[in-house]
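**Student:** Just passing along the structure, written as structure tokens.
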Amino acid sequence: MVEIIKIEHKPPWLVILNRFSGNKMGIVGTVLILCLIFVAIFAPLLEPYSYKEQNVEMISEPPSFSHLLGTDDFGRDLLSRTIRGARISFVVGVLSVAISVLIGIVIGCIAGFYGGVVDLVLTTIADLTWSMPAILIALLFVAIIGAGLESVIVAIGLSYWAQYARLVRGQILSLKSAVFIEATKSMGASDYVILFKHLLPNSISPVIVAATIGIGNAIVLEATLGFLGMGAQPPTPSWGAMMSNGTAYLFIAPWMIIFPGLAMMITVLGFNLFGDALIDIMDVKNRESI
Amino acid sequence: MTANIRNFLDVKDLSVSFDIRGGLFLRSIGTIKAVDHISFSVNKGEILGVVGESGCGKSTVARLLLRLIKPDTGSVTFNDVDILKMTKKEIRLQRRHMQMVFQDPYSAMDPRYTIFRSLCEPFQIQGVKLKKEEIRKKVDDLLELVGLNSEHGFAYPHELSGGQKQRADIARALALSPQFIILDEPTAALDVSVQAQIIKLLEGIRERLNLTFLFISHDLSLVSYFCHRVIVMYLGRIVEVISADLIGESPYHPYTKALIESIFETVPGQKKQLSTLEGEVPSPFNIPPGCSFASRCNYAQAICRKQTPVLKKTPDEGQMACHFPLKSMN
Amino acid sequence: MSFLKVSDLKVEFQVDKKTITPIENISFEMNEGEVLGMVGETGSGKSLTAHAIIGLSSLVGGKIGGRILFDNQDLLMLSEKNMQSIRGSQIAFIPQNPMTSLDPVYKVGDQIVEGLYKHTKINKRKAKQQVIELMGSLRIPKPESVFQQYPHQLSGGLKQRIVIAMGLCNNPRLLIADEPTTALDVTVQAQIMRLFKEMALERGIGLFLITHDLGVIAQVCDKVVVMYAGNMVESGDIETVFNTPKHPYTKALLGCIPHLGMKQGTLSAIDGNVPSVGTYPSGCRYHPRCMHSFSPCQNNIPELMQIESGNRVACHLFQEKNDC
């Protein structure tokens, strides 16, 4: 007779949550991300002025009580534009990564699961995409589709999928020969069941971690494209576009570059801290205890 | 040992080779003959052991029987049907009859599924038409059968001990009420006291459910205790088939004898001299011609390195493949 | 003068604000040239004991109590620097898995020579010569060519012999081997164990062998220490402990092991599971699974005591008798 032990049931996500609460950097990152999300959602309520309202009398004013972050060369309130920029960065970051992850998962699954020639071809394509600078790919797409936020999202999404494909493929390759996969096969499971009910769910964790950091990268890339004039068109206040606009006024009204730059830095930092914490936690979870 | 008019499971001339590919363009750098034209049969209700060291092919045989790997030659006849010739659809149904318990309890279940969910899966995969409550009841019965309870069902694999995980694995193998279960080193990763628990569990289950087992292990003592008959394999070939009670006293093949001499008994000083077998299992890439054991055999002579010995029946109702067996064949 | 004497060894860790004691009350002695076996199942603390003696990093964050006397010198009192000079030269350690003990990017011969350099001033040619001789004595075939090979080119048995050579190259007086043959084929295991026994006899090395395999202990060792859940339950000569085991766990464990010629259905098992670290029961750690447990077992930790047959046992069954 086997002892009946009271087992505390902790589903894997709860274990992660518990471990996460001990990671200080991770909490900082989470807080920053939550701030971003909050600002992004409630932007219209938070901005003191409309982001596109021009005020000819207040051109390039330094920070003051009425305009906490100053104004830009059109007299628009920088604080409002920076807040609105959060929404744009968030949308661009999340959507473009979503596209990358989706493409990456599909290709990674096919390459990992079927192997052989299919794998070779797909991996080569992924490597080619990986070796091309994301900016070039993005520029190419913008040149074809035209400038604007939508093209930027698609362009970024199409530039970064290779790493997710690699991750998924790697996990699937190593799990394919795992005992529980053999067991499922020996029960008569179809390829579909094995791939979608077992291989894929177990491959998602590294993708989530990479995606988190990827959002930070996407935001930076959007800013770069915006800086080059490829991204959001005026009056849409993407942080990159704002910084681009502000370069001409670097010595006269530096706040036009500083504040959107600062906002971007803090946002990306938040995502990176969160992602790093996740990496630490995943690693701990896989290691055996004493 | 019960004699049957028709064999429960008949394996004839089974073999499989693996092409090992490597290098830049995945060139073939060698072939491993993992299983080399083996034939044996399993009687209904018996526990047949398969014993051998690394590279002998015993795990590969298990996977061939379950059609997880495709063989190069041979037939596997189960209840008068060659399962190697079945269509995909027939195979799926066939899987209900033959199940496997795996070596590594630590990865035998999807780590993201509770034990309960893993145990429901066989029913889902086979499309068994039962209501949710009925499946739930079946799973509870299975858990009880292996000495677990619903508490364990709600747990995740990482929350259970090795022995408990192995019990869950056995429960899963029993889910579809198979007739034949292959156990691939089911206790190798377990402590000896847990191994004893699992063996006793298997003894009980086999009697209760009238099952037939193929028990694969590297542990000759365990196999001789638990099984009725034993197959000894070396480098992909069967070298001896012998009844379990006769192993200790009178094996025919020198390799079987070497395995026996490698056993460390728990009675001190019983063996004045530890095993005299030198060398190691040769690389499977370069199996020399003739008898694959000749390079390490103390009794090998010239003919052993030229001519591969064939399996012959022994007077004790076993089989052996050796030019110079240790006992007379009359 | 004692060769190796461990007294009241104890290791403590702080985990999640709780103190856990994976091993406690470990006391045993060993003479030079003897083969001492430490046997136990998973979680018994045998590896941890070995690591405590050799002072390895697995104990980071833990507190070690008690004394480990080697040649009358308390190893626990030594500075890390002094320990380093002892480690590898006087006390050698052979860790569990030969596959991971060898660095894959260096030739095996060079790895052994590196061990030699750490403790001896010797020139390159002489070192290589010594190592090749050593490899030959460990029955490594064609040692000159094996010297030049990389770990992945060698079989499991050969790799293990290389790791043993690394342990022996400085002529240690004490060799601690942690499950040296677990990953090897049974016929190879037999060869390696025979090698160990011969080495201990020929070179007069004290061998401290850690394994879960009672059969290996019975054939190779002179003395044995039986561990359960971080405590010693029984110790003594091989013949005494194996022929007349006294502790219920030792008896039960011996009954779990199948041997040739055993009748079907006669294998016995121990109900329950080994308690995991941090969830040890009160009193005797074995009492929940013990067929003979009675009133003191739940509350009092039994002390290790010598009884007439020569064994030392930690069990209330025998303490009662002693009191009488």
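Each chain in the structure tokens gets a letter, A, B, ..., in the order shown, and its residues are numbered from 1; ligands are numbered from 1 in order too.
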Can you tell me, as a PyMOL selection string, what residues are no more than 12 Å from stretch 79-81 of chain C when counting only C-alpha atoms, ignoring any on the same chain fewer than 3 positions away?
**Tutor:** chain C and resi 54-57+74-76+84-87
**Student:** Define the interface residues of chain B facing chain C as those within 6 Å, counting only C-alpha atoms, and report them as a short mmCIF file (atom, residue, chain, number, x, y, z; two decimals) with N, CA and C atoms, in the first residue's frame.
**Tutor:**
```cif
data_model
loop_
_atom_site.label_atom_id
_atom_site.label_comp_id
_atom_site.auth_asym_id
_atom_site.auth_seq_id
_atom_site.Cartn_x
_atom_site.Cartn_y
_atom_site.Cartn_z
N GLU B 53 23.65 -6.03 -22.54
CA GLU B 53 24.30 -4.77 -22.19
C GLU B 53 24.06 -3.72 -23.27
N ASP B 191 15.44 3.32 -6.95
CA ASP B 191 16.14 2.70 -5.82
C ASP B 191 15.70 1.25 -5.69
N SER B 193 14.69 -0.49 -3.16
CA SER B 193 13.47 -0.78 -2.40
C SER B 193 12.23 -0.40 -3.20
N ALA B 196 11.65 -3.05 -5.82
CA ALA B 196 10.95 -4.21 -5.27
C ALA B 196 9.44 -3.96 -5.21
N GLN B 197 9.06 -2.74 -4.83
CA GLN B 197 7.63 -2.40 -4.81
C GLN B 197 7.01 -2.54 -6.19
N SER B 221 19.98 -10.76 -12.46
CA SER B 221 19.35 -11.30 -11.24
C SER B 221 17.87 -11.00 -11.23
N LEU B 222 17.55 -9.76 -11.57
CA LEU B 222 16.15 -9.34 -11.56
C LEU B 222 15.36 -10.15 -12.59
N TYR B 225 14.73 -13.68 -11.61
CA TYR B 225 13.72 -13.79 -10.57
C TYR B 225 12.32 -13.61 -11.14
N GLY B 248 21.11 -19.80 -13.64
CA GLY B 248 22.23 -19.76 -12.69
C GLY B 248 23.13 -20.97 -12.80
N SER B 262 29.39 -11.60 -13.60
CA SER B 262 29.49 -10.18 -13.31
C SER B 262 28.54 -9.74 -12.22
N PHE B 264 27.20 -9.17 -8.68
CA PHE B 264 27.73 -9.03 -7.33
C PHE B 264 26.67 -9.51 -6.35
N GLU B 265 26.91 -10.66 -5.75
CA GLU B 265 25.93 -11.20 -4.81
C GLU B 265 26.03 -10.48 -3.48
N THR B 266 24.92 -10.45 -2.74
CA THR B 266 24.97 -9.77 -1.46
C THR B 266 25.40 -10.71 -0.34
N PRO B 268 28.68 -11.96 1.25
CA PRO B 268 30.09 -11.58 1.12
C PRO B 268 31.00 -12.78 0.85
N GLY B 269 32.03 -12.53 0.05
CA GLY B 269 33.04 -13.53 -0.18
C GLY B 269 32.57 -14.75 -0.94
N SER B 275 34.65 -11.36 -11.93
CA SER B 275 34.58 -11.73 -13.34
C SER B 275 35.89 -11.62 -14.10
#
```
**Student:** When you look at stretch 246-256 of chain A with a cut-off of 8 Å (counting only C-alpha atoms), what residues show up, excluding the ones that are within fewer than 5 positions of it in the same chain? I need them as number ranges by chain.
**Tutor:** A: 60-63, 69-72, 78
**Student:** Go ahead and save the picked residues with C-alpha atoms, as a CSV table (one decimal), in the first residue's frame.
**Tutor:**
```csv
chain,number,residue,atom,x,y,z
A,60,SER,CA,9.7,75.5,-28.6
A,61,GLU,CA,9.0,76.6,-25.1
A,62,PRO,CA,11.1,75.0,-22.3
A,63,PRO,CA,9.4,73.0,-19.6
A,69,LEU,CA,7.8,68.8,-20.7
A,70,GLY,CA,7.9,71.9,-22.9
A,71,THR,CA,6.6,72.3,-26.4
A,72,ASP,CA,7.8,71.3,-29.8
A,78,LEU,CA,5.4,67.5,-25.4
```
**Student:** Under the rule that only C-alpha atoms are counted, which of A:Gly146, A:Ile204, A:Val152, A:Ala232 is the nearest residue to A:Gln171?
**Tutor:**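 Comparing A:Gly146, A:Ile204, A:Val152, A:Ala232 against A:Gln171, the winner is A:Ile204.
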**Student:** Name all residues at most 12 Å from B:Gly147 (count only C-alpha atoms; drop same-chain ones fewer than 6 positions away) and give them as a PyMOL selection string.
**Tutor:** (chain A and resi 1-4) or (chain B and resi 140-141+153+163-168+170-171+197-198+200-202+204-205) or (chain C and resi 271-272)
**Student:** Find the spatial neighbours of C:Gln160, counting only C-alpha atoms, within a cut-off of 10 Å - ignore same-chain residues fewer than 5 positions away - and output them as a tab-separated table (two decimals) with C-alpha atoms, in the first residue's frame.
**Tutor:**
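Wrote it out as selection-v8.tsv, contents follow:
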```tsv
chain	number	residue	atom	x	y	z
C	94	ILE	CA	36.44	10.22	-8.25
C	95	PRO	CA	33.07	11.81	-9.01
C	96	GLN	CA	30.00	10.12	-10.32
C	97	ASN	CA	29.73	10.40	-14.01
C	98	PRO	CA	32.92	9.83	-16.00
C	99	MET	CA	31.29	11.39	-19.02
C	101	SER	CA	34.32	14.56	-15.36
C	102	LEU	CA	36.47	14.91	-18.43
C	154	LEU	CA	36.74	6.53	-25.67
C	155	SER	CA	34.22	4.03	-24.36
C	165	ALA	CA	44.12	7.56	-13.26
C	166	MET	CA	43.52	11.24	-12.58
C	180	PRO	CA	32.13	4.91	-9.90
C	181	THR	CA	30.34	2.34	-12.01
C	183	ALA	CA	26.78	4.41	-15.77
C	184	LEU	CA	28.71	1.36	-17.00
C	188	VAL	CA	32.64	-3.49	-17.32
C	189	GLN	CA	31.48	-2.72	-13.80
C	192	ILE	CA	36.45	-1.77	-12.67
```
**Student:** What residues in chain B have any atom no more than 8 Å from chain A when counting only C-alpha atoms, and can you write them as a list in words?
**Tutor:**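 The contacting residues on chain B are Leu66, Leu68, Ile91, Arg92, Leu93, Arg95, Arg96, Gln99, Met100, Phe102, Asp104, Ser107, Ala108, Met109, Asp110, Arg112, Pro122, Ile125, Gln126, Gly147, Leu148, Asn149, Glu151, His152, Phe154, Ala155, Tyr156 and Glu159 of chain B.
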**Student:** If we count only C-alpha atoms, what is near stretch 12-23 of chain B at a cut-off of 9 Å, once residues fewer than 2 positions away on the same chain are taken out, given as a short mmCIF file (atom, residue, chain, number, x, y, z; two decimals) with C-alpha atoms, in the first residue's frame?
**Tutor:**
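Final output, saved to selection30.cif:
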```cif
data_model
loop_
_atom_site.label_atom_id
_atom_site.label_comp_id
_atom_site.auth_asym_id
_atom_site.auth_seq_id
_atom_site.Cartn_x
_atom_site.Cartn_y
_atom_site.Cartn_z
CA ASP B 10 5.82 -14.62 -33.16
CA PHE B 25 26.03 17.62 -45.95
CA LEU B 26 24.74 14.87 -43.71
CA ARG B 27 26.81 12.21 -45.40
CA SER B 28 26.38 8.68 -44.25
CA ILE B 29 29.32 7.93 -41.98
CA GLY B 30 28.39 4.42 -41.03
CA THR B 31 25.68 1.90 -40.44
CA ILE B 32 24.72 0.31 -37.19
CA LYS B 33 23.01 -3.03 -37.40
CA ALA B 34 20.95 -2.56 -34.27
CA VAL B 35 18.93 -5.75 -34.59
CA ASP B 36 20.29 -8.55 -36.75
CA HIS B 37 17.73 -11.05 -38.04
CA ILE B 38 16.30 -12.21 -34.77
CA SER B 39 13.44 -14.64 -34.25
CA PHE B 40 11.64 -15.58 -31.09
CA SER B 41 8.17 -16.20 -29.79
CA THR B 60 15.27 -1.34 -30.34
CA VAL B 61 13.39 -4.65 -30.37
CA LEU B 64 10.13 -2.45 -33.48
CA ILE B 69 10.56 2.16 -35.78
CA LYS B 70 10.27 0.57 -39.18
CA PRO B 71 12.19 -2.69 -39.59
CA ASP B 72 14.23 -3.57 -42.64
CA THR B 73 13.15 -7.20 -42.70
CA GLY B 74 11.00 -9.57 -40.75
CA SER B 75 7.50 -10.17 -39.51
CA VAL B 76 5.79 -9.79 -36.18
CA THR B 77 2.74 -11.96 -35.90
CA GLY B 236 21.86 -7.19 -32.04
#
```
**Student:** Please indicate the distance in Å from atom CA of B:Ile199 to atom CA of C:His247, rounded to one decimal place.
**Tutor:**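 Spanning atom CA of B:Ile199 to atom CA of C:His247 is a straight-line distance of 23.8 Å.
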**Student:** Would you pick out the contacts of C:Lys246 at 10 Å or less, using only C-alpha atoms, so that residues sharing its chain but fewer than 5 positions from it are not included, and give the list as number ranges by chain?
**Tutor:** C: 233-235, 240-241, 251, 307, 309, 311-315, 317-318
**Student:** Selection from above, N, CA and C atoms, as an mmCIF file, in the first residue's frame, can you write it?
**Tutor:**
```cif
data_model
loop_
_atom_site.group_PDB
_atom_site.id
_atom_site.type_symbol
_atom_site.label_atom_id
_atom_site.label_comp_id
_atom_site.auth_asym_id
_atom_site.auth_seq_id
_atom_site.Cartn_x
_atom_site.Cartn_y
_atom_site.Cartn_z
ATOM 1 N N VAL C 233 22.484 4.096 9.975
ATOM 2 C CA VAL C 233 21.631 3.175 10.723
ATOM 3 C C VAL C 233 22.395 1.964 11.209
ATOM 4 N N GLU C 234 23.443 1.603 10.466
ATOM 5 C CA GLU C 234 24.215 0.441 10.890
ATOM 6 C C GLU C 234 25.601 0.529 10.294
ATOM 7 N N SER C 235 26.587 -0.018 11.019
ATOM 8 C CA SER C 235 27.922 -0.097 10.427
ATOM 9 C C SER C 235 28.662 -1.270 11.053
ATOM 10 N N THR C 240 29.775 -9.361 9.269
ATOM 11 C CA THR C 240 28.813 -9.178 10.355
ATOM 12 C C THR C 240 27.545 -8.512 9.858
ATOM 13 N N VAL C 241 27.692 -7.440 9.086
ATOM 14 C CA VAL C 241 26.505 -6.700 8.671
ATOM 15 C C VAL C 241 25.686 -7.474 7.644
ATOM 16 N N LYS C 251 18.033 -5.064 7.134
ATOM 17 C CA LYS C 251 17.412 -6.364 6.846
ATOM 18 C C LYS C 251 16.436 -6.253 5.691
ATOM 19 N N ILE C 307 26.968 -3.212 19.547
ATOM 20 C CA ILE C 307 26.325 -4.359 20.196
ATOM 21 C C ILE C 307 27.246 -5.567 20.126
ATOM 22 N N SER C 309 27.496 -8.407 18.664
ATOM 23 C CA SER C 309 27.981 -9.078 17.463
ATOM 24 C C SER C 309 29.039 -8.258 16.734
ATOM 25 N N ASN C 311 28.479 -5.187 15.321
ATOM 26 C CA ASN C 311 27.930 -4.083 14.505
ATOM 27 C C ASN C 311 27.694 -2.889 15.402
ATOM 28 N N ARG C 312 27.580 -1.709 14.747
ATOM 29 C CA ARG C 312 27.034 -0.572 15.475
ATOM 30 C C ARG C 312 25.669 -0.309 14.838
ATOM 31 N N VAL C 313 24.660 -0.166 15.689
ATOM 32 C CA VAL C 313 23.305 0.006 15.170
ATOM 33 C C VAL C 313 22.656 1.213 15.821
ATOM 34 N N ALA C 314 21.874 1.941 15.049
ATOM 35 C CA ALA C 314 21.120 3.056 15.627
ATOM 36 C C ALA C 314 19.655 2.660 15.631
ATOM 37 N N CYS C 315 19.229 1.958 16.660
ATOM 38 C CA CYS C 315 17.861 1.469 16.687
ATOM 39 C C CYS C 315 17.430 1.235 18.122
ATOM 40 N N LEU C 317 15.398 -0.824 19.302
ATOM 41 C CA LEU C 317 15.284 -2.242 19.624
ATOM 42 C C LEU C 317 16.516 -2.724 20.368
ATOM 43 N N PHE C 318 17.652 -2.186 19.980
ATOM 44 C CA PHE C 318 18.898 -2.647 20.590
ATOM 45 C C PHE C 318 19.276 -1.818 21.781
#
```
**Student:** Could you work out how far atom CA of A:Cys35 lies from atom CA of A:Asn55, giving the answer in Å with one decimal?
**Tutor:**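 Result for atom CA of A:Asn55 versus atom CA of A:Cys35: 28.8 Å, one decimal.
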**Student:** Rank nothing, just name the residue among A:Ala43, A:Leu139, A:Val28, A:Arg19 nearest to chain C, using only C-alpha atoms.
**Tutor:** A:Arg19
**Student:** Pull the helix (DSSP H, G or I) assignments for stretch 6-192 of chain C out of DSSP run on the backbone, and list those residues as number ranges by chain.
**Tutor:** C: 46-54, 57-59, 75-77, 80-86, 98-101, 108-119, 124-137, 143-147, 151-153, 156-168, 186-192
